[in-house]
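Novice: Pasting a structure here, questions to come.
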Amino acid sequence: MPNQALKQTQPGAVAPSSLIAALAAKYRSGYSLDQRFYCDDEVYAADMRAIVARKWLVAGHVDRVRRKGDYFLFKVGKDSIIVVRSDEHTINAFYNVCRHRGSVICTEPQGHVARLTCPYHAWSYGLDGALMQARLMPADFSKADNGLHRCHVRVFHGFIFVNLSEGAPVDFDATFADLGPYLDFHGLADAKIAHAESYPTDANWKLVVENFVECYHCAPSHPEFCSMHPPQALIAFGAGPSSGPRDAVDAYLPVLRAWEARAGALGRPIGTVDDGPDSSHLRLLLQRTIREGFESETEDGIPAAPLMGKRTQFDQGRMYLSFSPFTQLVATNDFAVLFLFTPRGTSSTDVDLYWLVDGKAAQVDVPKMIWGWDRTTRQDKIITENNQAGIESSRYEPGRYSEHERRVVTFHQWYLGQYGYAV
Amino acid sequence: MPNQALKQTQPGAVAPSSLIAALAAKYRSGYSLDQRFYCDDEVYAADMRAIVARKWLVAGHVDRVRRKGDYFLFKVGKDSIIVVRSDEHTINAFYNVCRHRGSVICTEPQGHVARLTCPYHAWSYGLDGALMQARLMPADFSKADNGLHRCHVRVFHGFIFVNLSEGAPVDFDATFADLGPYLDFHGLADAKIAHAESYPTDANWKLVVENFVECYHCAPSHPEFCSMHPPQALIAFGAGPSSGPRDAVDAYLPVLRAWEARAGALGRPIGTVDDGPDSSHLRLLLQRTIREGFESETEDGIPAAPLMGKRTQFDQGRMYLSFSPFTQLVATNDFAVLFLFTPRGTSSTDVDLYWLVDGKAAQVDVPKMIWGWDRTTRQDKIITENNQAGIESSRYEPGRYSEHERRVVTFHQWYLGQYGYAV
Amino acid sequence: MPNQALKQTQPGAVAPSSLIAALAAKYRSGYSLDQRFYCDDEVYAADMRAIVARKWLVAGHVDRVRRKGDYFLFKVGKDSIIVVRSDEHTINAFYNVCRHRGSVICTEPQGHVARLTCPYHAWSYGLDGALMQARLMPADFSKADNGLHRCHVRVFHGFIFVNLSEGAPVDFDATFADLGPYLDFHGLADAKIAHAESYPTDANWKLVVENFVECYHCAPSHPEFCSMHPPQALIAFGAGPSSGPRDAVDAYLPVLRAWEARAGALGRPIGTVDDGPDSSHLRLLLQRTIREGFESETEDGIPAAPLMGKRTQFDQGRMYLSFSPFTQLVATNDFAVLFLFTPRGTSSTDVDLYWLVDGKAAQVDVPKMIWGWDRTTRQDKIITENNQAGIESSRYEPGRYSEHERRVVTFHQWYLGQYGYAV
């Protein structure tokens, strides 16, 4: 039975279209979504306006823009954002659209510039976005009114967050400040990028997210990933704290508690963050052990890089931190992996991974470090594209989730909540 | 003048959209269809629902699934159908969509499996489609209710027919049983595939069909094909029994009658099937001679394979059998060619050919066997794509058919009849 | 403030859609157009009907069809036009659509034919478009009614103009006759094609035009082009006669007047054509000097070919002639370059260049001749595609034009005037 209790409750939410309303009315808790949520251009456009454009998305790590004038592009939907350092303390984000005739200004994915000069008519903007030079303009033209369109930006422990809201965005500190101690311990503000890789995926962004927030598929699909973890942890905590079946949780909890005591004694902040579906960003922070006898998430458990951050010794633990459905972080003791899931089209999502190591690390074994997540993400790309292809069938219908996929249901609750529906 | 007598008469027909109604009102008998029938996405979607999803389509020959666990995929529109043998006597057809989250289950075009296991979360189905294994599901989850969605399937003289109707399909036996003796004589149930080739064509499915059901284009376009046939037969019977101009029919009929007597004496069932436009499948069965002195449809008339079926000697004849506009069969004495025309998009149609030989044939000269139809189908692909390109022009308008294209007109009558219009 | 004075005034104009009306209401003079004018499929379709299909477009030069039976194809949107010579004095233009079933008739971009024979069913048309042969047609079929659909065509000083209007087109002579003396002096009727090149551009046709009618971008984007011209001329006359800022015009005018006296004494017709936005074709003819010391628009100023037309000596001048926004001509003393800008899709425009030299020229240094415009057009392709990409951003908004882009504003006035809006 479709959920009859469904009602619009969030007064601040974007008014959904009649299509979204009709689809939301058919939603059934514990089941996958209606086909059109995954395949329809109108739903995608609504998602971009109501959700993607209102969230703080990590665009990258400060290591990409160390020097004044360093920039990189972050592409979301049909938008291109220039993330550029203007001085030692300031990183700016601008829409990559010249205020003159709309040309793209930066055409390379990253680079180093003294000014942001449009290649078309040479309008030239400072690194603060102010229009510096525009030849032969009418007398009443105001340079002050023609700076680059700013994108909201915040740097937080090394992560560059952008927010594409036209108006005031969700308060950043109220949303993320409590994560500070965890990030600080891992030394992420001072980390550096040891490797990056892209896995563009031909699937709707919600399928990419759904795939990442459950580990029900780990056993059949990810042999490398499973080899690095305690089997009971994957079942008990694979989709969030105590997200698995009761007996699996009961079996793993003692192991976890013992580790928390050990790791806490070594200075690691112990704790969990588990936002509910009413939250703005659906954050999740979860810490647990890796495979017994392993010191890192590598093929043989031997670290690929020096200890990160404030650590003094290996503690056999790992942190999973979801800043939002669009930004995920996995941190083992010697490296962290940043995952960016960025919608580009109805069935096209950018999946970009950055492997971070300690900023002072002299030696990094890159093949060893990427062994697990590079293979796992290649597998996830195939899996998710097969999921999209099957959902496009005329005979697809929403299917029942297992007890191991509770976080997907939470994600759906959050997703529909963004349109104002409490389910 | 558009046909004023047009009216909706078939009470069981799918209610056509207002677009179809408007286009049907402009239909003029003896002329090609309005541009939008060939180019419009809405018409294509209507065709898929009202016609393609309601017909028995040949998906392939049993030789593709000889052993238990053999399967192949048959793709129609955005649907993928798994055709799989579950035991000596049973071939099943399932939608290639996992009941869990909708992933494609089989990702290879053909293969051999013990079970149908989804690569995503390892839900595992028997070869009968029953859900066997689904880990960690809620207590109230019913495996019995989560078998694969079945597609109607019937095996008839070696041909595997599927029907994508959600409800009860058109009665199979009432539709096809009378073809049995012809197929039996040709030994098609026991045939084997000697060669297969695909010719995906960027054109609307109706143009692919129209091209196949007339031989007005044979002289200018198909030198190889024409070289294997009596010229007068192509004119008189190229588009169906006595479909050509009166004088050509009169000239060829005595030749045909003499051959019927000879071939009948050798055991061949003589007869014709010629469904009218009111029929469900617009079947056509037509038997006639090949080029004088030839024993097979090959470059030099010499057979490429041993005699098929119940034959004891070559009879210089051939059978053309259209099970529906989507499935065609041409059988010479030593091999048969199965043609599958399957809509995949508004201007995208799969054209797949299978050359069948006697199941006991030890030696087959494949290049000799495919010489005629491989070249002819390559030519048809180009011709039909040029037809689509021209129809997309702003200045295209329906044109008059020749006396040699009567079967195309019958096809249009049948096509509009599927929407409930008698024209 | 949007222009409040906007009103529909041209009684003969095509009635615009409500979308065009809504967008036109937002138009602000001196600013680039609304995003949807550049990106929307509905606007593109309206442009094709209301503008492209009603203008005289140059399809090519007569040198492409010297002999009877020579033809080439000119593609506009989804239409393909056969331009074919039927006798010494006649060039015809036909829609490349067979009157039988709509197939494309000519499949090669150019060729030589005795008749226009459809490759599908061999319907055969004379070079005058008359249907000559159609086998086996019903008795009441009229060949006379089934000639190829004609496209209006006029040859004028070597240029083949076509007009896709269904009804009577804009009067050709009233529109173009006054250009005769200029074309005559340059010998364009007797010119020959020395080189051709295509630069298909992924951008809306209006962006291709806007780019070509201003030289504000020349300094940053076109070093080769700038090197061949007096800097003050590019500023003063880069976007039309005296189109630049007052002081630049004042500085260059004495140079221009002196050249006009010199060139006029050598027989060159001196004059300017500068249609206003109310004109049907927005023509522009402008003559001025090239770089001091140069005799031709080449890298070193040395000519690449013999003098064209009626010239007796080099005069250091050049002519720019825009027949319409779709057809541009640049003529230096020894060669001319014809630019065809042809819409093919919402963000797809064909850009085809033909380099013309004197019909009697024995030696042409092709690399020298194409050095300037080949490089410049490659640059323009990149520039214009970047412009399109930026405009697709959610944050694009119409921007202010410089004083150096006045012709773009005129083009917009003309464009909106085609829909009946005076702005």
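Residue numbering restarts at 1 in every chain; chains get A, B, ... in the order shown in the structure tokens, and ligands count up from 1 in that same order.
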Can you list, as a PDB file with N, CA, C and O atoms, in the first residue's frame, every protein, DNA or RNA residue that comes within 12 Å of Phe172 in chain C when you count only C-alpha atoms, leaving out same-chain residues fewer than 2 positions away?

Specialist:
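Writing done, so here's part-v8.pdb:
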ATOM      1  N   ARG C  54      12.879  31.900 -45.106  1.00  0.00           N
ATOM      2  CA  ARG C  54      12.344  33.032 -45.862  1.00  0.00           C
ATOM      3  C   ARG C  54      13.446  33.910 -46.471  1.00  0.00           C
ATOM      4  O   ARG C  54      13.143  34.918 -47.126  1.00  0.00           O
ATOM      5  N   LYS C  55      14.695  33.541 -46.296  1.00  0.00           N
ATOM      6  CA  LYS C  55      15.786  34.374 -46.798  1.00  0.00           C
ATOM      7  C   LYS C  55      16.437  33.750 -48.038  1.00  0.00           C
ATOM      8  O   LYS C  55      16.419  32.546 -48.214  1.00  0.00           O
ATOM      9  N   TRP C  56      17.052  34.608 -48.826  1.00  0.00           N
ATOM     10  CA  TRP C  56      17.894  34.144 -49.922  1.00  0.00           C
ATOM     11  C   TRP C  56      19.264  33.792 -49.328  1.00  0.00           C
ATOM     12  O   TRP C  56      19.976  34.670 -48.840  1.00  0.00           O
ATOM     13  N   LEU C  57      19.577  32.515 -49.355  1.00  0.00           N
ATOM     14  CA  LEU C  57      20.846  32.035 -48.807  1.00  0.00           C
ATOM     15  C   LEU C  57      21.769  31.652 -49.947  1.00  0.00           C
ATOM     16  O   LEU C  57      21.340  30.973 -50.888  1.00  0.00           O
ATOM     17  N   HIS C 152      13.336  27.826 -54.707  1.00  0.00           N
ATOM     18  CA  HIS C 152      13.624  29.043 -55.470  1.00  0.00           C
ATOM     19  C   HIS C 152      15.136  29.194 -55.622  1.00  0.00           C
ATOM     20  O   HIS C 152      15.881  28.959 -54.671  1.00  0.00           O
ATOM     21  N   VAL C 153      15.563  29.589 -56.804  1.00  0.00           N
ATOM     22  CA  VAL C 153      17.009  29.704 -57.036  1.00  0.00           C
ATOM     23  C   VAL C 153      17.285  30.901 -57.947  1.00  0.00           C
ATOM     24  O   VAL C 153      16.497  31.190 -58.859  1.00  0.00           O
ATOM     25  N   ARG C 154      18.370  31.608 -57.665  1.00  0.00           N
ATOM     26  CA  ARG C 154      18.824  32.703 -58.529  1.00  0.00           C
ATOM     27  C   ARG C 154      20.346  32.694 -58.552  1.00  0.00           C
ATOM     28  O   ARG C 154      20.983  32.504 -57.505  1.00  0.00           O
ATOM     29  N   VAL C 155      20.901  32.881 -59.735  1.00  0.00           N
ATOM     30  CA  VAL C 155      22.349  33.019 -59.830  1.00  0.00           C
ATOM     31  C   VAL C 155      22.657  34.494 -60.057  1.00  0.00           C
ATOM     32  O   VAL C 155      22.057  35.132 -60.933  1.00  0.00           O
ATOM     33  N   PHE C 156      23.551  35.017 -59.250  1.00  0.00           N
ATOM     34  CA  PHE C 156      23.844  36.448 -59.293  1.00  0.00           C
ATOM     35  C   PHE C 156      25.349  36.622 -59.139  1.00  0.00           C
ATOM     36  O   PHE C 156      25.905  36.299 -58.080  1.00  0.00           O
ATOM     37  N   ILE C 160      25.132  31.285 -56.180  1.00  0.00           N
ATOM     38  CA  ILE C 160      23.858  30.584 -56.326  1.00  0.00           C
ATOM     39  C   ILE C 160      23.053  30.808 -55.051  1.00  0.00           C
ATOM     40  O   ILE C 160      23.408  30.300 -53.986  1.00  0.00           O
ATOM     41  N   PHE C 161      21.995  31.580 -55.177  1.00  0.00           N
ATOM     42  CA  PHE C 161      21.117  31.853 -54.040  1.00  0.00           C
ATOM     43  C   PHE C 161      19.936  30.901 -54.088  1.00  0.00           C
ATOM     44  O   PHE C 161      19.344  30.699 -55.149  1.00  0.00           O
ATOM     45  N   VAL C 162      19.576  30.350 -52.940  1.00  0.00           N
ATOM     46  CA  VAL C 162      18.337  29.572 -52.849  1.00  0.00           C
ATOM     47  C   VAL C 162      17.448  30.201 -51.781  1.00  0.00           C
ATOM     48  O   VAL C 162      17.925  30.926 -50.894  1.00  0.00           O
ATOM     49  N   ASN C 163      16.143  29.914 -51.902  1.00  0.00           N
ATOM     50  CA  ASN C 163      15.177  30.437 -50.928  1.00  0.00           C
ATOM     51  C   ASN C 163      14.151  29.338 -50.667  1.00  0.00           C
ATOM     52  O   ASN C 163      13.505  28.852 -51.596  1.00  0.00           O
ATOM     53  N   ALA C 168       5.809  32.745 -52.595  1.00  0.00           N
ATOM     54  CA  ALA C 168       6.696  33.638 -53.347  1.00  0.00           C
ATOM     55  C   ALA C 168       7.714  34.258 -52.391  1.00  0.00           C
ATOM     56  O   ALA C 168       7.352  34.752 -51.326  1.00  0.00           O
ATOM     57  N   PRO C 169       8.964  34.207 -52.758  1.00  0.00           N
ATOM     58  CA  PRO C 169       9.992  34.765 -51.867  1.00  0.00           C
ATOM     59  C   PRO C 169      10.105  36.278 -52.030  1.00  0.00           C
ATOM     60  O   PRO C 169       9.528  36.863 -52.945  1.00  0.00           O
ATOM     61  N   VAL C 170      10.857  36.871 -51.141  1.00  0.00           N
ATOM     62  CA  VAL C 170      11.193  38.284 -51.246  1.00  0.00           C
ATOM     63  C   VAL C 170      11.795  38.536 -52.632  1.00  0.00           C
ATOM     64  O   VAL C 170      12.597  37.741 -53.109  1.00  0.00           O
ATOM     65  N   ALA C 174      15.028  43.427 -56.307  1.00  0.00           N
ATOM     66  CA  ALA C 174      14.824  44.591 -55.440  1.00  0.00           C
ATOM     67  C   ALA C 174      15.747  44.519 -54.235  1.00  0.00           C
ATOM     68  O   ALA C 174      16.147  45.544 -53.684  1.00  0.00           O
ATOM     69  N   THR C 175      16.107  43.315 -53.862  1.00  0.00           N
ATOM     70  CA  THR C 175      16.946  43.132 -52.677  1.00  0.00           C
ATOM     71  C   THR C 175      18.431  43.270 -52.974  1.00  0.00           C
ATOM     72  O   THR C 175      19.184  43.837 -52.181  1.00  0.00           O
ATOM     73  N   PHE C 176      18.872  42.746 -54.135  1.00  0.00           N
ATOM     74  CA  PHE C 176      20.317  42.621 -54.330  1.00  0.00           C
ATOM     75  C   PHE C 176      20.905  43.348 -55.536  1.00  0.00           C
ATOM     76  O   PHE C 176      22.130  43.453 -55.651  1.00  0.00           O
ATOM     77  N   ALA C 177      20.058  43.848 -56.449  1.00  0.00           N
ATOM     78  CA  ALA C 177      20.591  44.348 -57.719  1.00  0.00           C
ATOM     79  C   ALA C 177      21.656  45.433 -57.544  1.00  0.00           C
ATOM     80  O   ALA C 177      22.631  45.490 -58.304  1.00  0.00           O
ATOM     81  N   ASP C 178      21.522  46.270 -56.522  1.00  0.00           N
ATOM     82  CA  ASP C 178      22.465  47.390 -56.377  1.00  0.00           C
ATOM     83  C   ASP C 178      23.882  46.929 -56.026  1.00  0.00           C
ATOM     84  O   ASP C 178      24.828  47.708 -56.067  1.00  0.00           O
ATOM     85  N   LEU C 179      24.028  45.637 -55.700  1.00  0.00           N
ATOM     86  CA  LEU C 179      25.381  45.139 -55.401  1.00  0.00           C
ATOM     87  C   LEU C 179      26.154  44.780 -56.670  1.00  0.00           C
ATOM     88  O   LEU C 179      27.364  44.527 -56.619  1.00  0.00           O
ATOM     89  N   SER C 280      15.058  43.419 -45.253  1.00  0.00           N
ATOM     90  CA  SER C 280      14.793  41.975 -45.271  1.00  0.00           C
ATOM     91  C   SER C 280      16.063  41.172 -45.017  1.00  0.00           C
ATOM     92  O   SER C 280      16.012  40.109 -44.416  1.00  0.00           O
ATOM     93  N   HIS C 281      17.233  41.658 -45.479  1.00  0.00           N
ATOM     94  CA  HIS C 281      18.439  40.823 -45.419  1.00  0.00           C
ATOM     95  C   HIS C 281      19.606  41.427 -44.631  1.00  0.00           C
ATOM     96  O   HIS C 281      20.639  40.802 -44.519  1.00  0.00           O
ATOM     97  N   PHE C 323      25.742  39.479 -47.569  1.00  0.00           N
ATOM     98  CA  PHE C 323      24.479  39.383 -48.317  1.00  0.00           C
ATOM     99  C   PHE C 323      23.296  39.253 -47.349  1.00  0.00           C
ATOM    100  O   PHE C 323      22.175  39.612 -47.651  1.00  0.00           O
TER     101      PHE C 323
END

Novice: Considering only C-alpha atoms, extract the chain C residues located within 8 Å of chain B and return them as a PyMOL selection string.

Specialist: chain C and resi 78-80+95-104+107+119-122+135-138+141+149

Novice: Among range 275-399 of chain A, which residues does DSSP mark as alpha helix (DSSP H) when it is run on the backbone? Keep the chain and numbering as in the structure and answer as number ranges by chain.

Specialist: A: 366-391

Novice: Mind dumping the selected residues with N, CA, C and O atoms as a CSV table (one decimal), in the first residue's frame?

Specialist:
chain,number,residue,atom,x,y,z
A,366,VAL,N,51.5,4.5,-4.3
A,366,VAL,CA,50.2,4.8,-4.9
A,366,VAL,C,49.5,3.5,-5.4
A,366,VAL,O,48.3,3.3,-5.1
A,367,PRO,N,50.1,2.6,-6.1
A,367,PRO,CA,49.3,1.4,-6.5
A,367,PRO,C,48.8,0.6,-5.3
A,367,PRO,O,47.6,0.2,-5.3
A,368,LYS,N,49.5,0.5,-4.2
A,368,LYS,CA,49.0,-0.1,-3.0
A,368,LYS,C,47.8,0.7,-2.4
A,368,LYS,O,46.8,0.1,-2.0
A,369,MET,N,48.0,2.0,-2.4
A,369,MET,CA,47.0,2.8,-1.8
A,369,MET,C,45.6,2.7,-2.5
A,369,MET,O,44.6,2.7,-1.9
A,370,ILE,N,45.7,2.7,-3.9
A,370,ILE,CA,44.4,2.8,-4.6
A,370,ILE,C,43.9,1.4,-5.0
A,370,ILE,O,42.8,1.3,-5.5
A,371,TRP,N,44.6,0.4,-4.6
A,371,TRP,CA,44.2,-1.0,-4.9
A,371,TRP,C,42.7,-1.2,-4.6
A,371,TRP,O,41.9,-1.7,-5.4
A,372,GLY,N,42.3,-0.9,-3.4
A,372,GLY,CA,41.0,-1.2,-3.0
A,372,GLY,C,39.9,-0.4,-3.6
A,372,GLY,O,39.0,-0.9,-4.3
A,373,TRP,N,40.0,0.9,-3.5
A,373,TRP,CA,38.9,1.8,-4.0
A,373,TRP,C,38.9,2.0,-5.5
A,373,TRP,O,37.8,2.3,-6.0
A,374,ASP,N,40.0,1.9,-6.1
A,374,ASP,CA,40.0,2.0,-7.6
A,374,ASP,C,39.2,0.8,-8.2
A,374,ASP,O,38.3,1.0,-9.0
A,375,ARG,N,39.5,-0.4,-7.7
A,375,ARG,CA,38.8,-1.5,-8.2
A,375,ARG,C,37.3,-1.5,-7.8
A,375,ARG,O,36.4,-1.8,-8.6
A,376,THR,N,37.1,-1.1,-6.5
A,376,THR,CA,35.7,-1.1,-6.0
A,376,THR,C,34.9,-0.1,-6.8
A,376,THR,O,33.7,-0.3,-7.2
A,377,THR,N,35.5,1.0,-7.1
A,377,THR,CA,34.7,2.1,-7.8
A,377,THR,C,34.5,1.7,-9.3
A,377,THR,O,33.4,2.0,-9.9
A,378,ARG,N,35.4,1.0,-9.9
A,378,ARG,CA,35.2,0.5,-11.3
A,378,ARG,C,34.0,-0.5,-11.2
A,378,ARG,O,33.2,-0.5,-12.1
A,379,GLN,N,34.0,-1.3,-10.2
A,379,GLN,CA,32.9,-2.3,-10.1
A,379,GLN,C,31.6,-1.5,-9.8
A,379,GLN,O,30.5,-1.9,-10.4
A,380,ASP,N,31.6,-0.5,-9.0
A,380,ASP,CA,30.4,0.2,-8.7
A,380,ASP,C,29.8,0.9,-10.0
A,380,ASP,O,28.6,1.0,-10.1
A,381,LYS,N,30.7,1.4,-10.8
A,381,LYS,CA,30.3,2.0,-12.1
A,381,LYS,C,29.5,1.0,-12.9
A,381,LYS,O,28.4,1.4,-13.4
A,382,ILE,N,30.0,-0.2,-13.1
A,382,ILE,CA,29.3,-1.2,-13.9
A,382,ILE,C,28.0,-1.5,-13.2
A,382,ILE,O,26.9,-1.6,-13.9
A,383,ILE,N,28.0,-1.8,-11.9
A,383,ILE,CA,26.8,-2.2,-11.2
A,383,ILE,C,25.7,-1.1,-11.3
A,383,ILE,O,24.6,-1.5,-11.6
A,384,THR,N,26.1,0.1,-11.2
A,384,THR,CA,25.1,1.2,-11.2
A,384,THR,C,24.6,1.4,-12.5
A,384,THR,O,23.4,1.7,-12.7
A,385,GLU,N,25.4,1.3,-13.6
A,385,GLU,CA,24.9,1.4,-14.9
A,385,GLU,C,24.0,0.3,-15.3
A,385,GLU,O,23.0,0.5,-16.0
A,386,ASN,N,24.3,-0.9,-14.8
A,386,ASN,CA,23.3,-2.0,-15.0
A,386,ASN,C,22.0,-1.8,-14.3
A,386,ASN,O,20.9,-2.2,-14.8
A,387,ASN,N,22.1,-1.2,-13.1
A,387,ASN,CA,20.9,-0.8,-12.4
A,387,ASN,C,20.0,0.1,-13.2
A,387,ASN,O,18.8,-0.1,-13.4
A,388,GLN,N,20.6,1.2,-13.7
A,388,GLN,CA,19.9,2.2,-14.5
A,388,GLN,C,19.3,1.5,-15.7
A,388,GLN,O,18.1,1.7,-16.0
A,389,ALA,N,20.0,0.6,-16.4
A,389,ALA,CA,19.5,0.0,-17.6
A,389,ALA,C,18.3,-0.9,-17.3
A,389,ALA,O,17.3,-0.8,-18.0
A,390,GLY,N,18.3,-1.6,-16.2
A,390,GLY,CA,17.2,-2.4,-15.8
A,390,GLY,C,16.0,-1.6,-15.5
A,390,GLY,O,14.8,-1.9,-15.8
A,391,ILE,N,16.2,-0.5,-14.8
A,391,ILE,CA,15.1,0.3,-14.3
A,391,ILE,C,14.4,1.0,-15.5
A,391,ILE,O,13.2,1.3,-15.4

Novice: Please identify the strand (DSSP E) residues within range 35-252 of chain C (assignment by DSSP from backbone atoms) and present them as number ranges by chain.

Specialist: C: 56-61, 70-76, 79-87, 90-95, 110-112, 116-117, 124-125, 131-133, 152-156, 159-163, 192-198

Novice: Kindly give the distance, in Å, that separates CA of Lys206 in chain C and CA of Tyr44 in chain C, rounded to a single decimal.

Specialist: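 Pair CA of Lys206 in chain C / CA of Tyr44 in chain C returns 10.0 Å.
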
Novice: Could the residues of range 300-325 of chain C that have an atom at most 10 Å from range 269-273 of chain C be listed as JSON lines, each with its closest atom pair and the distance in Å to one decimal, counting only C-alpha atoms and ordered by chain and ascending residue number?

Specialist:
{"residue": "C:Met319", "atom": "CA", "partner": "C:Thr272", "partner_atom": "CA", "distance": 9.8}
{"residue": "C:Tyr320", "atom": "CA", "partner": "C:Thr272", "partner_atom": "CA", "distance": 9.9}
{"residue": "C:Leu321", "atom": "CA", "partner": "C:Val273", "partner_atom": "CA", "distance": 8.6}
{"residue": "C:Ser322", "atom": "CA", "partner": "C:Val273", "partner_atom": "CA", "distance": 9.5}

Novice: Just the selected residues (N, CA and C atoms), exported as a PDB file, in the first residue's frame, please.

Specialist:
ATOM      1  N   MET C 319      37.150  44.503 -49.589  1.00  0.00           N
ATOM      2  CA  MET C 319      35.713  44.677 -49.486  1.00  0.00           C
ATOM      3  C   MET C 319      35.158  43.616 -48.544  1.00  0.00           C
ATOM      4  N   TYR C 320      34.257  44.045 -47.675  1.00  0.00           N
ATOM      5  CA  TYR C 320      33.490  43.095 -46.870  1.00  0.00           C
ATOM      6  C   TYR C 320      32.044  43.260 -47.287  1.00  0.00           C
ATOM      7  N   LEU C 321      31.423  42.155 -47.675  1.00  0.00           N
ATOM      8  CA  LEU C 321      30.045  42.201 -48.140  1.00  0.00           C
ATOM      9  C   LEU C 321      29.252  41.113 -47.438  1.00  0.00           C
ATOM     10  N   SER C 322      28.226  41.534 -46.708  1.00  0.00           N
ATOM     11  CA  SER C 322      27.315  40.588 -46.079  1.00  0.00           C
ATOM     12  C   SER C 322      26.017  40.599 -46.876  1.00  0.00           C
TER      13      SER C 322
END

Novice: Any idea what's packed within 9 Å of Phe411 in chain A, counting only C-alpha atoms, ignoring anything in its chain fewer than 2 positions away? Could you give it as number ranges by chain?

Specialist: A: 209-210, 213, 277, 282, 325, 406-409, 413-416

Novice: Could you please take those selected residues and save C-alpha atoms as a short mmCIF file (atom, residue, chain, number, x, y, z; two decimals), in the first residue's frame?

Specialist:
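Okay, this is what ended up in selection06.cif:
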data_model
loop_
_atom_site.label_atom_id
_atom_site.label_comp_id
_atom_site.auth_asym_id
_atom_site.auth_seq_id
_atom_site.Cartn_x
_atom_site.Cartn_y
_atom_site.Cartn_z
CA VAL A 209 24.13 7.42 -3.89
CA GLU A 210 21.96 4.38 -3.16
CA VAL A 213 25.14 3.84 1.20
CA PRO A 277 15.88 12.28 7.22
CA LEU A 282 21.82 13.71 5.98
CA PRO A 325 24.72 12.27 -0.23
CA ARG A 406 18.14 0.61 5.73
CA ARG A 407 20.23 3.62 4.87
CA VAL A 408 18.78 3.65 1.36
CA VAL A 409 15.33 3.99 2.87
CA GLN A 413 12.92 9.77 3.26
CA TRP A 414 15.43 12.60 3.17
CA TYR A 415 15.04 12.96 -0.61
CA LEU A 416 11.25 13.25 -0.49
#

Novice: Neighbours of Tyr125 in chain A within 9 Å (only C-alpha atoms; same-chain residues fewer than 3 positions away dropped), as a count of residues only?

Specialist: 12

Novice: For Val357 in chain B, find every residue with an atom within 7 Å (counting only C-alpha atoms), except residues of its own chain fewer than 4 positions away, and show them as a ChimeraX atom specification.

Specialist: /B:191-194,305,308,334-336,361

Novice: If you count only C-alpha atoms, which residues fall within 8 Å of Arg268 in chain A, apart from same-chain ones fewer than 2 positions away, as a compact mmCIF listing (two decimals) with C-alpha atoms, in the first residue's frame?

Specialist:
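Written output follows (out-v8.txt):
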# COMPACT_ATOMS: atom_id res chain seq x y z
CA TYR A 182 37.27 14.32 13.76
CA PHE A 185 42.57 14.48 14.26
CA ALA A 263 41.60 4.05 19.84
CA GLY A 264 40.24 6.66 22.22
CA ALA A 265 43.19 6.06 24.47
CA LEU A 266 45.42 6.89 21.50
CA ILE A 270 35.25 8.63 19.50
CA ARG A 311 48.28 9.96 15.15
